[in-house]
Structure formats: structure tokens, C-alpha cells
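Engineer: Can you keep this structure in mind? I'll have questions shortly.
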Amino acid sequence: MNKFLVLLGVSLALIGNAQAKNLGGGFEGPGVSTVSVAEASKLPDDTAVTLIGSIEKSLGDEKYLFKDKTGSIVVEIDDDDWKGLTVKPENTIEIRGDVDKEMFRDSIIDVDYISVK
């Protein structure tokens with residue numbers, strides 16, 4: 001009887017995992033809105049943002065000068081966040097990340113995701 005219950009439990013667990021993988025789903029609704037550089041520079045620390053623009057130049061130490069039609073802001077893109085993507089100044093890109101605001105320093109964007117538009 002115990003062997004049967006163990007087998008039944010294993011079978012149900014496997015079926016449950018298979019069904020969970022096939023369910024898909026997720027959140028459907030409003031998310032992080034796209035903001036301009038001018039808007040992002042005024043947002044509070046840790047605010048999630050999406051920006052569309054281009055990278056003007058590298059500032060060294062994983063920092064870059066990002067611009068859109070409203071201005072420029074420093075973005076920090078860790079080497080592993082590039083995921084093999086090559087970006088040139090003439091490319092329009094989308095970046096997603098968080099505002100990093102510290103006292104006595106302009107805001108920067110800590111980038112988690114980057115893609116070419």
C-alpha cells in the first residue's frame with residue numbers, strides 16, 4: 001500500500017509539473033511606461049523605467065552617455081547585460097532599468113535589459 005501511495009504521489013507530481021509548464025500565462029495589463037530622459041532624471045530612486053534613444057559614447061567603467069530628444073543621462077550597463085548585442089551610436093535602442101539616485105550626484109540608470117529597435 002505504501003509503495004502505491006508513493007508511486008501515486010510521484011505520478012501526480014510529474015503530471016502537475018508537466019501541466020504547469022504548458023499553462024503559459026502571466027501578467028496582462030499596464031507595466032512600466034516609456035519615459036524621456038528629462039522625466040527619468042526627476043524620478044525617485046529605484047523607479048523602474050524604459051527609455052528609447054541612443055548611446056552617444058562610452059564613459060568607461062560600464063558607464064555610457066545615453067540620449068534622446070530631451071537630453072542625456074548616464075546609464076550603467078554591466079558587461080553581462082549586453083548578452084552579445086553590439087550597439088552603435090546610430091542605433092535606436094530600448095533600455096529598461098532603475099533610477100539610481102544618490103545625494104550630490106545626478107541620477108543614473110542602472111540598466112537590466114537592452115535591445116535594438
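Identifiers in this document derive from the order of the C-alpha cells: chains are assigned A, B, ..., residues are numbered from 1 separately in each chain, and ligands are numbered from 1 in order of occurrence.
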Tell me, as a PDB file with N, CA and C atoms, in the first residue's frame, which residues lie within 9 Å of stretch 54-68 of chain A, counting only C-alpha atoms; anything in the same chain fewer than 2 positions away does not count.
Structural biologist:
ATOM      1  N   SER A  36      10.928  59.828 -20.970  1.00  0.00           N
ATOM      2  CA  SER A  36      12.039  60.543 -21.596  1.00  0.00           C
ATOM      3  C   SER A  36      13.185  60.666 -20.602  1.00  0.00           C
ATOM      4  N   VAL A  37      14.343  61.020 -21.107  1.00  0.00           N
ATOM      5  CA  VAL A  37      15.499  61.267 -20.243  1.00  0.00           C
ATOM      6  C   VAL A  37      15.184  62.379 -19.247  1.00  0.00           C
ATOM      7  N   ALA A  38      14.532  63.432 -19.717  1.00  0.00           N
ATOM      8  CA  ALA A  38      14.184  64.552 -18.829  1.00  0.00           C
ATOM      9  C   ALA A  38      13.282  64.081 -17.691  1.00  0.00           C
ATOM     10  N   LEU A  51      13.533  53.519 -21.462  1.00  0.00           N
ATOM     11  CA  LEU A  51      13.952  54.676 -22.261  1.00  0.00           C
ATOM     12  C   LEU A  51      14.229  54.224 -23.688  1.00  0.00           C
ATOM     13  N   ILE A  52      13.945  55.089 -24.638  1.00  0.00           N
ATOM     14  CA  ILE A  52      14.261  54.822 -26.044  1.00  0.00           C
ATOM     15  C   ILE A  52      15.108  55.973 -26.550  1.00  0.00           C
ATOM     16  N   THR A  70      15.170  64.738 -25.469  1.00  0.00           N
ATOM     17  CA  THR A  70      15.005  65.652 -24.328  1.00  0.00           C
ATOM     18  C   THR A  70      16.279  65.881 -23.535  1.00  0.00           C
ATOM     19  N   GLY A  71      17.334  65.127 -23.839  1.00  0.00           N
ATOM     20  CA  GLY A  71      18.576  65.324 -23.102  1.00  0.00           C
ATOM     21  C   GLY A  71      19.403  64.065 -23.006  1.00  0.00           C
ATOM     22  N   SER A  72      20.385  64.088 -22.109  1.00  0.00           N
ATOM     23  CA  SER A  72      21.314  62.970 -21.917  1.00  0.00           C
ATOM     24  C   SER A  72      21.343  62.564 -20.453  1.00  0.00           C
ATOM     25  N   ILE A  73      21.661  61.289 -20.224  1.00  0.00           N
ATOM     26  CA  ILE A  73      21.784  60.757 -18.875  1.00  0.00           C
ATOM     27  C   ILE A  73      22.806  59.620 -18.904  1.00  0.00           C
ATOM     28  N   VAL A  74      23.515  59.452 -17.822  1.00  0.00           N
ATOM     29  CA  VAL A  74      24.473  58.351 -17.720  1.00  0.00           C
ATOM     30  C   VAL A  74      23.705  57.064 -17.427  1.00  0.00           C
ATOM     31  N   VAL A  75      24.056  56.007 -18.162  1.00  0.00           N
ATOM     32  CA  VAL A  75      23.484  54.689 -17.915  1.00  0.00           C
ATOM     33  C   VAL A  75      24.622  53.739 -17.578  1.00  0.00           C
ATOM     34  N   GLU A  76      24.357  52.803 -16.680  1.00  0.00           N
ATOM     35  CA  GLU A  76      25.342  51.789 -16.333  1.00  0.00           C
ATOM     36  C   GLU A  76      24.841  50.451 -16.848  1.00  0.00           C
ATOM     37  N   ILE A  77      25.626  49.863 -17.763  1.00  0.00           N
ATOM     38  CA  ILE A  77      25.268  48.578 -18.359  1.00  0.00           C
ATOM     39  C   ILE A  77      26.371  47.588 -18.029  1.00  0.00           C
ATOM     40  N   ASP A  78      26.068  46.640 -17.143  1.00  0.00           N
ATOM     41  CA  ASP A  78      27.038  45.616 -16.784  1.00  0.00           C
ATOM     42  C   ASP A  78      27.390  44.793 -18.017  1.00  0.00           C
ATOM     43  N   ASP A  79      28.634  44.341 -18.083  1.00  0.00           N
ATOM     44  CA  ASP A  79      29.098  43.583 -19.248  1.00  0.00           C
ATOM     45  C   ASP A  79      28.193  42.406 -19.581  1.00  0.00           C
ATOM     46  N   VAL A  87      26.040  47.546 -30.245  1.00  0.00           N
ATOM     47  CA  VAL A  87      25.271  48.770 -30.450  1.00  0.00           C
ATOM     48  C   VAL A  87      26.202  49.874 -30.910  1.00  0.00           C
ATOM     49  N   LYS A  88      25.756  50.625 -31.918  1.00  0.00           N
ATOM     50  CA  LYS A  88      26.499  51.783 -32.424  1.00  0.00           C
ATOM     51  C   LYS A  88      25.712  53.051 -32.116  1.00  0.00           C
ATOM     52  N   PRO A  89      26.381  54.216 -32.129  1.00  0.00           N
ATOM     53  CA  PRO A  89      25.681  55.469 -31.829  1.00  0.00           C
ATOM     54  C   PRO A  89      24.479  55.739 -32.744  1.00  0.00           C
ATOM     55  N   GLU A  90      24.509  55.229 -33.947  1.00  0.00           N
ATOM     56  CA  GLU A  90      23.391  55.471 -34.870  1.00  0.00           C
ATOM     57  C   GLU A  90      22.207  54.537 -34.636  1.00  0.00           C
ATOM     58  N   ASN A  91      22.344  53.545 -33.763  1.00  0.00           N
ATOM     59  CA  ASN A  91      21.251  52.614 -33.454  1.00  0.00           C
ATOM     60  C   ASN A  91      20.284  53.221 -32.452  1.00  0.00           C
ATOM     61  N   THR A  92      18.992  53.034 -32.692  1.00  0.00           N
ATOM     62  CA  THR A  92      17.974  53.371 -31.706  1.00  0.00           C
ATOM     63  C   THR A  92      17.798  52.138 -30.835  1.00  0.00           C
ATOM     64  N   ILE A  93      17.882  52.345 -29.517  1.00  0.00           N
ATOM     65  CA  ILE A  93      17.788  51.226 -28.597  1.00  0.00           C
ATOM     66  C   ILE A  93      16.718  51.479 -27.538  1.00  0.00           C
ATOM     67  N   GLU A  94      16.289  50.399 -26.929  1.00  0.00           N
ATOM     68  CA  GLU A  94      15.397  50.466 -25.771  1.00  0.00           C
ATOM     69  C   GLU A  94      16.172  49.906 -24.592  1.00  0.00           C
TER      70      GLU A  94
END
Engineer: So that I can see what lies close to A:Val32, please list as a list in words the residues with an atom at most 8 Å from it, counting only C-alpha atoms and leaving out residues fewer than 5 positions away in the same chain.
Structural biologist: Ala48, Val49 and Thr50 of chain A
Engineer: Which residues come within 9 Å of A:Tyr113, counting only C-alpha atoms, excluding same-chain residues fewer than 5 positions away, as a ChimeraX atom specification?
Structural biologist: /A:77,81-82,94-97
Engineer: Enter the distance from atom CA of A:Lys101 to atom CA of A:Glu39, in Å, rounded to one decimal.
Structural biologist: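 Those two atoms sit 13.5 Å apart.
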Engineer: Interatomic distance between atom CA of A:Gly53 and atom CA of A:Lys83?
Structural biologist: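 Computing it gives 19.0 Å between the two atoms.
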Engineer: Hey, which of A:Ser107, A:Glu102, A:Leu23, A:Val35 ends up closest to A:Lys69? Count only C-alpha atoms.
Structural biologist: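 Ranked by minimum distance to A:Lys69, first place goes to A:Val35.
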Engineer: Under the rule that only C-alpha atoms are counted, which of A:Ser33, A:Asp80, A:Leu85, A:Pro44 is the nearest residue to A:Val111?
Structural biologist: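 Selected residue with least distance to A:Val111: A:Asp80.
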Engineer: In Å to one decimal, how far is atom CA of A:Asp100 from atom CA of A:Asp46?
Structural biologist: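 Atom CA of A:Asp100 lies at a distance of 6.0 Å from atom CA of A:Asp46.
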Engineer: Taking the DSSP secondary structure from the backbone, can you list the residues of stretch 39-100 of chain A that are strand (DSSP E), as a count of residues only?
Structural biologist: 34
